[in-house]
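**Q** File name final.pdb; file contents PDB, C-alpha atoms; full text below.
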ATOM      1  CA  MET A   1      -7.811  15.331  -2.760
ATOM      2  CA  ILE A   2      -4.367  14.167  -3.865
ATOM      3  CA  ASP A   3      -0.965  15.522  -2.872
ATOM      4  CA  SER A   4       1.120  15.079  -6.020
ATOM      5  CA  HIS A   5       4.468  15.890  -4.375
ATOM      6  CA  CYS A   6       5.280  15.058  -0.755
ATOM      7  CA  HIS A   7       8.656  13.862   0.579
ATOM      8  CA  LEU A   8       7.339  11.482   3.208
ATOM      9  CA  ASP A   9      10.738  10.131   4.201
ATOM     10  CA  LEU A  10      11.969  13.643   4.989
ATOM     11  CA  LEU A  11       8.736  14.515   6.783
ATOM     12  CA  ALA A  12       9.257  11.446   8.988
ATOM     13  CA  GLN A  13      12.482  13.073  10.261
ATOM     14  CA  LYS A  14      10.521  16.084  11.513
ATOM     15  CA  LYS A  15       7.119  14.777  12.618
ATOM     16  CA  ASP A  16       5.357  11.605  13.713
ATOM     17  CA  LEU A  17       4.489  10.333  10.248
ATOM     18  CA  ARG A  18       1.484   8.263  11.264
ATOM     19  CA  VAL A  19      -0.040  11.244  13.042
ATOM     20  CA  ALA A  20       0.594  13.466   9.996
ATOM     21  CA  LEU A  21      -0.931  10.923   7.607
ATOM     22  CA  GLU A  22      -3.964  10.307   9.791
ATOM     23  CA  SER A  23      -4.463  14.064  10.010
ATOM     24  CA  ALA A  24      -4.172  14.300   6.225
ATOM     25  CA  LYS A  25      -6.786  11.591   5.767
ATOM     26  CA  ALA A  26      -9.125  13.391   8.153
ATOM     27  CA  ALA A  27      -8.621  16.545   6.057
ATOM     28  CA  GLY A  28      -9.779  14.688   2.943
ATOM     29  CA  LEU A  29      -6.546  13.406   1.409
ATOM     30  CA  THR A  30      -7.006  10.212  -0.602
ATOM     31  CA  ARG A  31      -3.585   9.630  -2.191
ATOM     32  CA  ILE A  32       0.043  10.837  -2.178
ATOM     33  CA  MET A  33       2.919  10.848  -4.647
ATOM     34  CA  ALA A  34       6.234  10.573  -2.796
ATOM     35  CA  PRO A  35       9.172  11.401  -5.101
ATOM     36  CA  SER A  36      12.672  10.337  -4.121
ATOM     37  CA  ILE A  37      15.945  12.221  -3.851
ATOM     38  CA  ASN A  38      18.416   9.283  -3.905
ATOM     39  CA  ALA A  39      18.585   5.476  -3.774
ATOM     40  CA  GLU A  40      18.223   5.395  -0.003
ATOM     41  CA  SER A  41      15.146   7.562  -0.360
ATOM     42  CA  TRP A  42      13.346   5.416  -2.923
ATOM     43  CA  GLN A  43      13.877   2.282  -0.856
ATOM     44  CA  ALA A  44      12.543   4.037   2.250
ATOM     45  CA  LEU A  45       9.511   5.354   0.391
ATOM     46  CA  GLN A  46       8.604   1.956  -0.972
ATOM     47  CA  GLY A  47       8.649   0.665   2.591
ATOM     48  CA  LEU A  48       6.400   3.516   3.744
ATOM     49  CA  SER A  49       4.016   2.772   0.881
ATOM     50  CA  GLU A  50       3.640  -0.759   2.214
ATOM     51  CA  GLN A  51       3.504   0.287   5.869
ATOM     52  CA  TYR A  52       0.711   2.831   5.435
ATOM     53  CA  SER A  53      -1.302   1.140   2.687
ATOM     54  CA  GLY A  54      -4.216   0.832   5.110
ATOM     55  CA  LEU A  55      -4.657   4.603   5.218
ATOM     56  CA  PHE A  56      -4.552   5.412   1.494
ATOM     57  CA  PRO A  57      -2.360   4.634  -1.541
ATOM     58  CA  ILE A  58       1.144   6.083  -1.513
ATOM     59  CA  ASP A  59       2.708   6.204  -4.966
ATOM     60  CA  THR A  60       6.469   6.586  -5.342
ATOM     61  CA  ALA A  61       9.005   7.708  -7.938
ATOM     62  CA  LEU A  62      12.608   6.732  -8.650
ATOM     63  CA  GLY A  63      15.036   9.598  -9.004
ATOM     64  CA  LEU A  64      18.193  11.486  -8.072
ATOM     65  CA  HIS A  65      17.474  15.052  -6.986
ATOM     66  CA  PRO A  66      19.902  17.666  -8.355
ATOM     67  CA  TYR A  67      20.624  18.982  -4.836
ATOM     68  CA  PHE A  68      22.411  15.786  -3.861
ATOM     69  CA  LEU A  69      24.526  14.864  -6.869
ATOM     70  CA  THR A  70      27.998  15.751  -5.623
ATOM     71  CA  ALA A  71      29.728  14.848  -2.376
ATOM     72  CA  GLY A  72      29.934  18.471  -1.307
ATOM     73  CA  SER A  73      26.226  18.991  -1.819
ATOM     74  CA  PHE A  74      25.043  16.049   0.262
ATOM     75  CA  ASP A  75      23.121  16.794   3.417
ATOM     76  CA  LYS A  76      24.020  14.161   6.016
ATOM     77  CA  THR A  77      20.380  13.836   7.013
ATOM     78  CA  HIS A  78      19.444  12.900   3.462
ATOM     79  CA  SER A  79      22.103  10.365   2.527
ATOM     80  CA  SER A  80      24.211   7.550   3.845
ATOM     81  CA  PRO A  81      28.042   7.608   3.973
ATOM     82  CA  GLU A  82      28.039   4.725   1.496
ATOM     83  CA  GLU A  83      26.004   6.659  -1.036
ATOM     84  CA  ASN A  84      28.066   9.777  -0.424
ATOM     85  CA  SER A  85      31.126   7.913  -1.723
ATOM     86  CA  GLN A  86      29.430   6.601  -4.831
ATOM     87  CA  SER A  87      30.025   8.227  -8.181
ATOM     88  CA  VAL A  88      27.121   9.730 -10.061
ATOM     89  CA  GLU A  89      27.490   7.093 -12.746
ATOM     90  CA  GLU A  90      27.177   4.338 -10.144
ATOM     91  CA  ARG A  91      23.995   5.911  -8.826
ATOM     92  CA  LEU A  92      22.588   6.250 -12.324
ATOM     93  CA  ARG A  93      23.263   2.541 -12.882
ATOM     94  CA  GLN A  94      21.423   1.839  -9.629
ATOM     95  CA  LEU A  95      18.529   3.874 -10.926
ATOM     96  CA  GLU A  96      18.410   1.977 -14.209
ATOM     97  CA  ASN A  97      18.567  -1.350 -12.381
ATOM     98  CA  ALA A  98      15.697  -0.295 -10.125
ATOM     99  CA  THR A  99      13.449   0.194 -13.155
ATOM    100  CA  THR A 100      13.982  -3.369 -14.393
ATOM    101  CA  ASN A 101      11.920  -4.813 -11.538
ATOM    102  CA  LEU A 102       9.561  -2.072 -10.441
ATOM    103  CA  HIS A 103       8.055  -2.008  -6.983
ATOM    104  CA  PRO A 104       4.225  -1.852  -7.294
ATOM    105  CA  SER A 105       4.174   1.664  -5.827
ATOM    106  CA  VAL A 106       6.426   3.159  -8.524
ATOM    107  CA  LYS A 107       4.440   5.375 -10.891
ATOM    108  CA  ALA A 108       7.083   7.837 -12.128
ATOM    109  CA  VAL A 109      10.751   8.732 -12.595
ATOM    110  CA  GLY A 110      11.993  11.578 -10.419
ATOM    111  CA  GLU A 111      12.484  13.908  -8.799
ATOM    112  CA  THR A 112      15.013  15.200 -11.296
ATOM    113  CA  GLY A 113      15.668  18.551 -12.923
ATOM    114  CA  ILE A 114      17.923  21.591 -12.970
ATOM    115  CA  ASP A 115      18.425  24.152 -10.210
ATOM    116  CA  GLY A 116      20.105  27.444 -10.987
ATOM    117  CA  HIS A 117      20.677  28.331  -7.333
ATOM    118  CA  ILE A 118      22.986  25.519  -6.232
ATOM    119  CA  THR A 119      26.694  24.826  -6.631
ATOM    120  CA  VAL A 120      26.301  21.434  -8.298
ATOM    121  CA  PRO A 121      27.859  21.936 -11.762
ATOM    122  CA  LEU A 122      25.293  22.649 -14.461
ATOM    123  CA  ALA A 123      26.853  20.103 -16.832
ATOM    124  CA  LEU A 124      26.439  17.393 -14.201
ATOM    125  CA  GLN A 125      22.816  18.358 -13.547
ATOM    126  CA  GLN A 126      22.108  18.258 -17.275
ATOM    127  CA  HIS A 127      23.759  14.862 -17.709
ATOM    128  CA  VAL A 128      21.713  13.357 -14.884
ATOM    129  CA  LEU A 129      18.486  14.959 -16.147
ATOM    130  CA  TYR A 130      19.073  13.681 -19.674
ATOM    131  CA  THR A 131      19.612  10.186 -18.292
ATOM    132  CA  HIS A 132      16.360  10.375 -16.334
ATOM    133  CA  LEU A 133      14.434  11.506 -19.400
ATOM    134  CA  LYS A 134      15.806   8.710 -21.552
ATOM    135  CA  LEU A 135      15.044   6.198 -18.821
ATOM    136  CA  ALA A 136      11.485   7.507 -18.374
ATOM    137  CA  ASP A 137      10.925   7.086 -22.101
ATOM    138  CA  LYS A 138      12.384   3.584 -21.998
ATOM    139  CA  VAL A 139      10.105   2.375 -19.193
ATOM    140  CA  SER A 140       7.078   4.486 -20.268
ATOM    141  CA  LEU A 141       6.705   6.338 -16.968
ATOM    142  CA  PRO A 142       6.014  10.067 -16.478
ATOM    143  CA  VAL A 143       8.856  12.227 -15.183
ATOM    144  CA  ILE A 144       8.729  14.629 -12.208
ATOM    145  CA  LEU A 145      10.744  17.793 -12.881
ATOM    146  CA  HIS A 146      12.312  20.209 -10.414
ATOM    147  CA  HIS A 147      13.104  23.772 -11.494
ATOM    148  CA  ARG A 148      14.597  26.993 -10.183
ATOM    149  CA  LYS A 149      15.702  29.616 -12.679
ATOM    150  CA  SER A 150      15.893  26.852 -15.260
ATOM    151  CA  HIS A 151      12.754  26.678 -17.418
ATOM    152  CA  HIS A 152      14.761  27.319 -20.598
ATOM    153  CA  LEU A 153      17.197  24.562 -19.667
ATOM    154  CA  LEU A 154      14.421  22.062 -18.965
ATOM    155  CA  VAL A 155      12.824  22.757 -22.336
ATOM    156  CA  GLU A 156      16.235  22.400 -23.976
ATOM    157  CA  ALA A 157      16.664  19.020 -22.271
ATOM    158  CA  LEU A 158      13.276  17.826 -23.516
ATOM    159  CA  LYS A 159      14.284  18.837 -27.041
ATOM    160  CA  GLN A 160      17.817  17.411 -26.898
ATOM    161  CA  THR A 161      16.651  14.017 -25.635
ATOM    162  CA  LYS A 162      13.630  14.008 -27.974
ATOM    163  CA  TYR A 163      11.578  13.079 -24.946
ATOM    164  CA  GLN A 164       8.317  11.459 -26.044
ATOM    165  CA  GLY A 165       6.675  11.017 -22.656
ATOM    166  CA  ILE A 166       4.740  13.237 -20.294
ATOM    167  CA  GLY A 167       5.251  14.373 -16.728
ATOM    168  CA  VAL A 168       4.780  17.171 -14.224
ATOM    169  CA  VAL A 169       6.729  20.334 -13.487
ATOM    170  CA  HIS A 170       6.407  20.469  -9.728
ATOM    171  CA  ALA A 171       5.968  23.683  -7.721
ATOM    172  CA  PHE A 172       5.352  25.639 -10.907
ATOM    173  CA  SER A 173       5.600  29.392 -10.438
ATOM    174  CA  GLY A 174       6.493  30.612 -13.912
ATOM    175  CA  SER A 175       4.881  32.829 -16.512
ATOM    176  CA  VAL A 176       1.920  32.057 -18.740
ATOM    177  CA  GLU A 177       4.310  31.558 -21.648
ATOM    178  CA  ALA A 178       6.430  29.084 -19.687
ATOM    179  CA  ALA A 179       3.290  27.222 -18.652
ATOM    180  CA  LYS A 180       2.032  27.023 -22.226
ATOM    181  CA  GLY A 181       5.410  25.689 -23.369
ATOM    182  CA  TYR A 182       5.225  22.764 -20.975
ATOM    183  CA  ILE A 183       1.555  22.065 -21.638
ATOM    184  CA  GLU A 184       2.180  21.952 -25.383
ATOM    185  CA  ARG A 185       4.635  19.132 -24.641
ATOM    186  CA  GLY A 186       2.038  17.192 -22.656
ATOM    187  CA  PHE A 187       3.209  18.232 -19.195
ATOM    188  CA  TYR A 188       1.126  18.938 -16.133
ATOM    189  CA  LEU A 189       1.888  21.677 -13.603
ATOM    190  CA  GLY A 190       2.035  21.264  -9.813
ATOM    191  CA  ILE A 191       0.426  24.070  -7.813
ATOM    192  CA  GLY A 192       1.528  24.431  -4.206
ATOM    193  CA  GLY A 193       1.916  26.720  -1.236
ATOM    194  CA  THR A 194       3.308  29.685  -3.168
ATOM    195  CA  ILE A 195      -0.201  30.780  -4.102
ATOM    196  CA  THR A 196      -1.224  31.043  -0.441
ATOM    197  CA  TYR A 197       0.915  34.198  -0.192
ATOM    198  CA  GLU A 198      -0.598  37.516  -1.306
ATOM    199  CA  ARG A 199       2.792  38.653  -2.582
ATOM    200  CA  ALA A 200       2.787  35.862  -5.184
ATOM    201  CA  GLN A 201       0.777  37.929  -7.635
ATOM    202  CA  LYS A 202       2.693  36.769 -10.718
ATOM    203  CA  THR A 203       2.013  33.129  -9.890
ATOM    204  CA  ARG A 204      -1.635  33.900  -9.149
ATOM    205  CA  ASN A 205      -1.987  35.672 -12.499
ATOM    206  CA  THR A 206      -0.595  32.610 -14.275
ATOM    207  CA  LEU A 207      -2.888  30.329 -12.297
ATOM    208  CA  GLU A 208      -5.917  32.421 -13.260
ATOM    209  CA  PHE A 209      -5.054  31.810 -16.931
ATOM    210  CA  LEU A 210      -4.474  28.101 -16.322
ATOM    211  CA  LEU A 211      -7.765  27.612 -14.488
ATOM    212  CA  GLU A 212      -9.604  29.173 -17.418
ATOM    213  CA  HIS A 213      -7.741  27.464 -20.251
ATOM    214  CA  HIS A 214      -5.867  24.412 -18.926
ATOM    215  CA  PHE A 215      -7.613  23.230 -15.756
ATOM    216  CA  ASP A 216      -7.084  19.676 -17.014
ATOM    217  CA  LYS A 217      -3.312  20.105 -16.613
ATOM    218  CA  LEU A 218      -3.146  21.159 -12.964
ATOM    219  CA  LEU A 219      -2.163  19.112  -9.917
ATOM    220  CA  LEU A 220      -2.108  20.002  -6.209
ATOM    221  CA  GLU A 221       0.989  19.585  -4.041
ATOM    222  CA  THR A 222       2.552  20.485  -0.707
ATOM    223  CA  ASP A 223       6.237  19.595  -1.269
ATOM    224  CA  ALA A 224       6.192  18.701   2.428
ATOM    225  CA  PRO A 225       8.100  19.088   4.649
ATOM    226  CA  ASP A 226       9.333  22.153   2.709
ATOM    227  CA  MET A 227       7.520  25.169   1.200
ATOM    228  CA  PRO A 228       5.389  26.148   4.227
ATOM    229  CA  MET A 229       1.950  27.608   3.656
ATOM    230  CA  CYS A 230       1.219  31.233   4.502
ATOM    231  CA  GLY A 231       0.537  31.446   8.226
ATOM    232  CA  ARG A 232       2.442  28.248   8.934
ATOM    233  CA  GLN A 233       5.978  29.575   8.527
ATOM    234  CA  GLY A 234       8.486  28.097  10.937
ATOM    235  CA  GLU A 235       6.882  24.656  11.090
ATOM    236  CA  PRO A 236       7.314  21.647   8.806
ATOM    237  CA  ASN A 237       4.790  21.453   6.006
ATOM    238  CA  GLU A 238       2.635  18.321   5.829
ATOM    239  CA  PRO A 239       0.132  16.751   3.417
ATOM    240  CA  GLY A 240      -2.899  17.670   5.495
ATOM    241  CA  TYR A 241      -2.154  21.334   4.775
ATOM    242  CA  LEU A 242      -3.060  20.787   1.125
ATOM    243  CA  THR A 243      -6.455  22.252   2.041
ATOM    244  CA  ASP A 244      -4.674  25.626   2.347
ATOM    245  CA  VAL A 245      -3.819  25.463  -1.369
ATOM    246  CA  VAL A 246      -7.360  24.451  -2.312
ATOM    247  CA  ASN A 247      -8.882  27.231  -0.205
ATOM    248  CA  ALA A 248      -6.505  29.844  -1.609
ATOM    249  CA  MET A 249      -7.384  28.832  -5.167
ATOM    250  CA  SER A 250     -11.094  28.960  -4.394
ATOM    251  CA  GLU A 251     -10.895  32.323  -2.640
ATOM    252  CA  CYS A 252      -8.810  33.981  -5.353
ATOM    253  CA  PHE A 253     -10.792  32.670  -8.317
ATOM    254  CA  THR A 254     -14.396  31.799  -9.085
ATOM    255  CA  VAL A 255     -14.070  28.047  -8.668
ATOM    256  CA  SER A 256     -15.421  25.832  -5.902
ATOM    257  CA  THR A 257     -13.237  23.733  -3.638
ATOM    258  CA  GLN A 258     -15.180  20.661  -4.794
ATOM    259  CA  GLU A 259     -14.366  21.355  -8.453
ATOM    260  CA  ILE A 260     -10.690  21.976  -7.641
ATOM    261  CA  VAL A 261     -10.411  18.680  -5.771
ATOM    262  CA  SER A 262     -12.338  16.581  -8.288
ATOM    263  CA  THR A 263     -10.588  18.015 -11.360
ATOM    264  CA  THR A 264      -7.038  17.862 -10.009
ATOM    265  CA  SER A 265      -7.616  14.341  -8.677
ATOM    266  CA  ALA A 266      -8.815  13.179 -12.093
ATOM    267  CA  ASN A 267      -5.786  14.885 -13.667
ATOM    268  CA  TYR A 268      -3.443  13.035 -11.308
ATOM    269  CA  LEU A 269      -4.949   9.634 -12.048
ATOM    270  CA  ARG A 270      -4.750  10.297 -15.781
ATOM    271  CA  LEU A 271      -1.134  11.495 -15.695
ATOM    272  CA  PHE A 272       0.128   8.532 -13.687
ATOM    273  CA  ASN A 273      -2.111   6.021 -15.508
ATOM    274  CA  ILE A 274      -3.866   4.860 -12.347
ATOM    275  CA  THR A 275      -7.123   3.007 -12.922
ATOM    276  CA  SER A 276      -7.827   1.534  -9.501
TER     277      SER A 276
END
Would you write out, as structure tokens, the structure that this file holds?
**A**
Amino acid sequence: MIDSHCHLDLLAQKKDLRVALESAKAAGLTRIMAPSINAESWQALQGLSEQYSGLFPIDTALGLHPYFLTAGSFDKTHSSPEENSQSVEERLRQLENATTNLHPSVKAVGETGIDGHITVPLALQQHVLYTHLKLADKVSLPVILHHRKSHHLLVEALKQTKYQGIGVVHAFSGSVEAAKGYIERGFYLGIGGTITYERAQKTRNTLEFLLEHHFDKLLLETDAPDMPMCGRQGEPNEPGYLTDVVNAMSECFTVSTQEIVSTTSANYLRLFNITS
């Protein structure tokens, strides 16, 4: 069982990380993808990948999250004063430099994307996303995409940059048509805690279609420490709770937990080109 999207550095600010990871391993987790939100984040994650290599592999990604692109949008718990004063262009140059000598844990570019609910200017989000896409193509790594009210803008970005690579749309909760649009472009879709809520009928309907027609394009994720599972509201999410997603999928649809775990794990390894 693989968690394809878990912010371990942020989780470490809320829980004892070793305890959380040992609990996740006991629950059946075998691997994690830890996407970054800024330069400080990707350096921290690479260190955690080394520190906890004895438990299971921790893959990382290099990216600048749209939430934290402007000085006014920075959360002090997520960034350093030094980075807060840097221009976006300086941080993009840092990102490009980081891809010239990749840490062994790096398997993707991201997290990047477009968020329609934040005050960061749309033009700035688009510029940074386009840069990530071009960089991912250049270094032949998949891209991890964030979305909120922005599917049409993400597709536009893929077209405008003539992106040739693949990637994953994390925390996907869109329509069947939106899902098909990404899949036609070679993208995978991350399925997380949203489906553990009965009220998420639209997402469950889309997932039913995907399990029948595109099971080979689905990944599991927690987005820990955010996006709490149903019944766990008010506490930080963690990778060991990925079993809640698996169980919800199995209970809602005629598919075994074993098949969900084995198929999504194989999908993950194929997407991120992991052979060992």
**Q** Quick one: everything within 10 Å of Ile183 (chain A), counting all atoms listed in the file, minus sequence neighbours fewer than 2 positions away in the same chain. Send it as a ChimeraX atom specification.
**A** /A:166-169,177-181,185-189,214,217-218
**Q** List every protein, DNA or RNA residue that has at least one atom no more than 10 Å from (-3.6, 21.5, 3.0) in the file's coordinates, counting all atoms listed in the file, and write the result as a list in words.
**A**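 Returned residue set, sorted by chain then number, is Met1, Asp3, Ala24, Ala27, Gly28, Leu29, Gly192, Gly193, Leu220, Glu221, Thr222, Met229, Asn237, Glu238, Pro239, Gly240, Tyr241, Leu242, Thr243, Asp244, Val245, Val246, Asn247 and Ala248 of chain A.
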**Q** Evaluate the PyMOL selection byres ((chain A and resi 36) around 10) and record the selected residues as a PDB file with C-alpha atoms, keeping the file's coordinate frame, following the chain and residue labels used in the document.
**A**
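Contents of the output file result-v3.pdb:
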ATOM      1  CA  HIS A   5       4.468  15.890  -4.375  1.00  0.00           C
ATOM      2  CA  CYS A   6       5.280  15.058  -0.755  1.00  0.00           C
ATOM      3  CA  HIS A   7       8.656  13.862   0.579  1.00  0.00           C
ATOM      4  CA  LEU A   8       7.339  11.482   3.208  1.00  0.00           C
ATOM      5  CA  ASP A   9      10.738  10.131   4.201  1.00  0.00           C
ATOM      6  CA  LEU A  10      11.969  13.643   4.989  1.00  0.00           C
ATOM      7  CA  MET A  33       2.919  10.848  -4.647  1.00  0.00           C
ATOM      8  CA  ALA A  34       6.234  10.573  -2.796  1.00  0.00           C
ATOM      9  CA  PRO A  35       9.172  11.401  -5.101  1.00  0.00           C
ATOM     10  CA  ILE A  37      15.945  12.221  -3.851  1.00  0.00           C
ATOM     11  CA  ASN A  38      18.416   9.283  -3.905  1.00  0.00           C
ATOM     12  CA  ALA A  39      18.585   5.476  -3.774  1.00  0.00           C
ATOM     13  CA  GLU A  40      18.223   5.395  -0.003  1.00  0.00           C
ATOM     14  CA  SER A  41      15.146   7.562  -0.360  1.00  0.00           C
ATOM     15  CA  TRP A  42      13.346   5.416  -2.923  1.00  0.00           C
ATOM     16  CA  GLN A  43      13.877   2.282  -0.856  1.00  0.00           C
ATOM     17  CA  ALA A  44      12.543   4.037   2.250  1.00  0.00           C
ATOM     18  CA  LEU A  45       9.511   5.354   0.391  1.00  0.00           C
ATOM     19  CA  GLN A  46       8.604   1.956  -0.972  1.00  0.00           C
ATOM     20  CA  THR A  60       6.469   6.586  -5.342  1.00  0.00           C
ATOM     21  CA  ALA A  61       9.005   7.708  -7.938  1.00  0.00           C
ATOM     22  CA  LEU A  62      12.608   6.732  -8.650  1.00  0.00           C
ATOM     23  CA  GLY A  63      15.036   9.598  -9.004  1.00  0.00           C
ATOM     24  CA  LEU A  64      18.193  11.486  -8.072  1.00  0.00           C
ATOM     25  CA  HIS A  65      17.474  15.052  -6.986  1.00  0.00           C
ATOM     26  CA  VAL A 109      10.751   8.732 -12.595  1.00  0.00           C
ATOM     27  CA  GLY A 110      11.993  11.578 -10.419  1.00  0.00           C
ATOM     28  CA  GLU A 111      12.484  13.908  -8.799  1.00  0.00           C
ATOM     29  CA  THR A 112      15.013  15.200 -11.296  1.00  0.00           C
ATOM     30  CA  ILE A 144       8.729  14.629 -12.208  1.00  0.00           C
TER      31      ILE A 144
END
**Q** Once the PyMOL selection byres ((chain A and resi 194-208) around 6) has been applied to the shown file, what residues remain in the selection, as a list of chain:residue names?
**A**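 Applying the expression gives A:Ser173, A:Ser175, A:Val176, A:Gly192, A:Gly193, A:Phe209, A:Leu210, A:Leu211, A:Cys230, A:Ala248.
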**Q** List, as a PyMOL selection string, every residue that the PyMOL selection byres ((chain A and resi 262) around 12) selects in the file provided.
**A** chain A and resi 1-2+28-30+215-216+218-220+246+255-261+263-269
**Q** Neighbouring residues of Ile114 (chain A) were defined as those with any atom within 8 Å, considering only C-alpha atoms; residues of the same chain fewer than 2 positions away were excluded. Please report them as a ChimeraX atom specification.
**A** /A:66,112,116,122,125-126,129,146-148,150,153-154
**Q** How many Å lie between CA of Glu184 (chain A) and CA of Leu145 (chain A), rounded to one decimal?
**A** 15.7 Å
**Q** Between CA of Ala171 (chain A) and CA of Met249 (chain A), measure the distance and give it in Å to one decimal.
**A**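 Taking CA of Ala171 (chain A) as the start and CA of Met249 (chain A) as the end point, the length is 14.5 Å.
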**Q** Smallest atom-to-atom distance to Asn97 (chain A): which of A:Arg31, A:Leu271, A:Val139, A:Tyr163, using all atoms listed in the file?
**A**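 Once distances to Asn97 (chain A) are computed over all atoms listed in the file, the minimum belongs to A:Val139.
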**Q** Using all atoms of region 104-110 of chain A that appear in the file, construct an axis-aligned enclosing box with 6 Å of padding on every side and provide its centre coordinates and edge lengths in Å, rounded to one decimal, as AutoDock Vina command-line options.
**A**
--center_x 8.1 --center_y 4.9 --center_z -9.2 --size_x 19.8 --size_y 25.4 --size_z 18.8
**Q** Would you work out the distance separating CA of Ala157 (chain A) from CA of His127 (chain A), expressed in Å to one decimal?
**A**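 Atom-to-atom, CA of Ala157 (chain A) and CA of His127 (chain A) are spaced 9.4 Å apart.
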**Q** Find the residue from A:Phe272, A:Phe253, A:Tyr67, A:Tyr130 that sits nearest to Leu92 (chain A); use all atoms listed in the file when measuring.
**A** A:Tyr130
**Q** Between A:Leu124, A:Cys252, A:Leu17, A:Leu141, which is the closest to Val106 (chain A) once you count only C-alpha atoms?
**A** A:Leu141
**Q** From the set A:Leu55, A:Ala26, A:Leu158, A:Leu69, which residue has the shortest atom-to-atom contact distance to Asp115 (chain A), counting only C-alpha atoms?
**A** A:Leu69
**Q** Got a sec to write region 243-254 of chain A of the block to a file, C-alpha atoms, as a compact mmCIF listing (two decimals), in the first residue's frame?
**A**
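In the end it all went to out.txt:
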# COMPACT_ATOMS: atom_id res chain seq x y z
CA THR A 243 -6.52 2.12 5.08
CA ASP A 244 -9.64 4.28 5.53
CA VAL A 245 -9.53 5.15 1.82
CA VAL A 246 -8.98 1.52 0.82
CA ASN A 247 -11.83 0.32 3.03
CA ALA A 248 -14.20 3.00 1.74
CA MET A 249 -13.44 2.04 -1.86
CA SER A 250 -13.98 -1.64 -1.10
CA GLU A 251 -17.22 -1.06 0.79
CA CYS A 252 -18.72 1.23 -1.84
CA PHE A 253 -17.78 -0.86 -4.87
CA THR A 254 -17.37 -4.54 -5.69
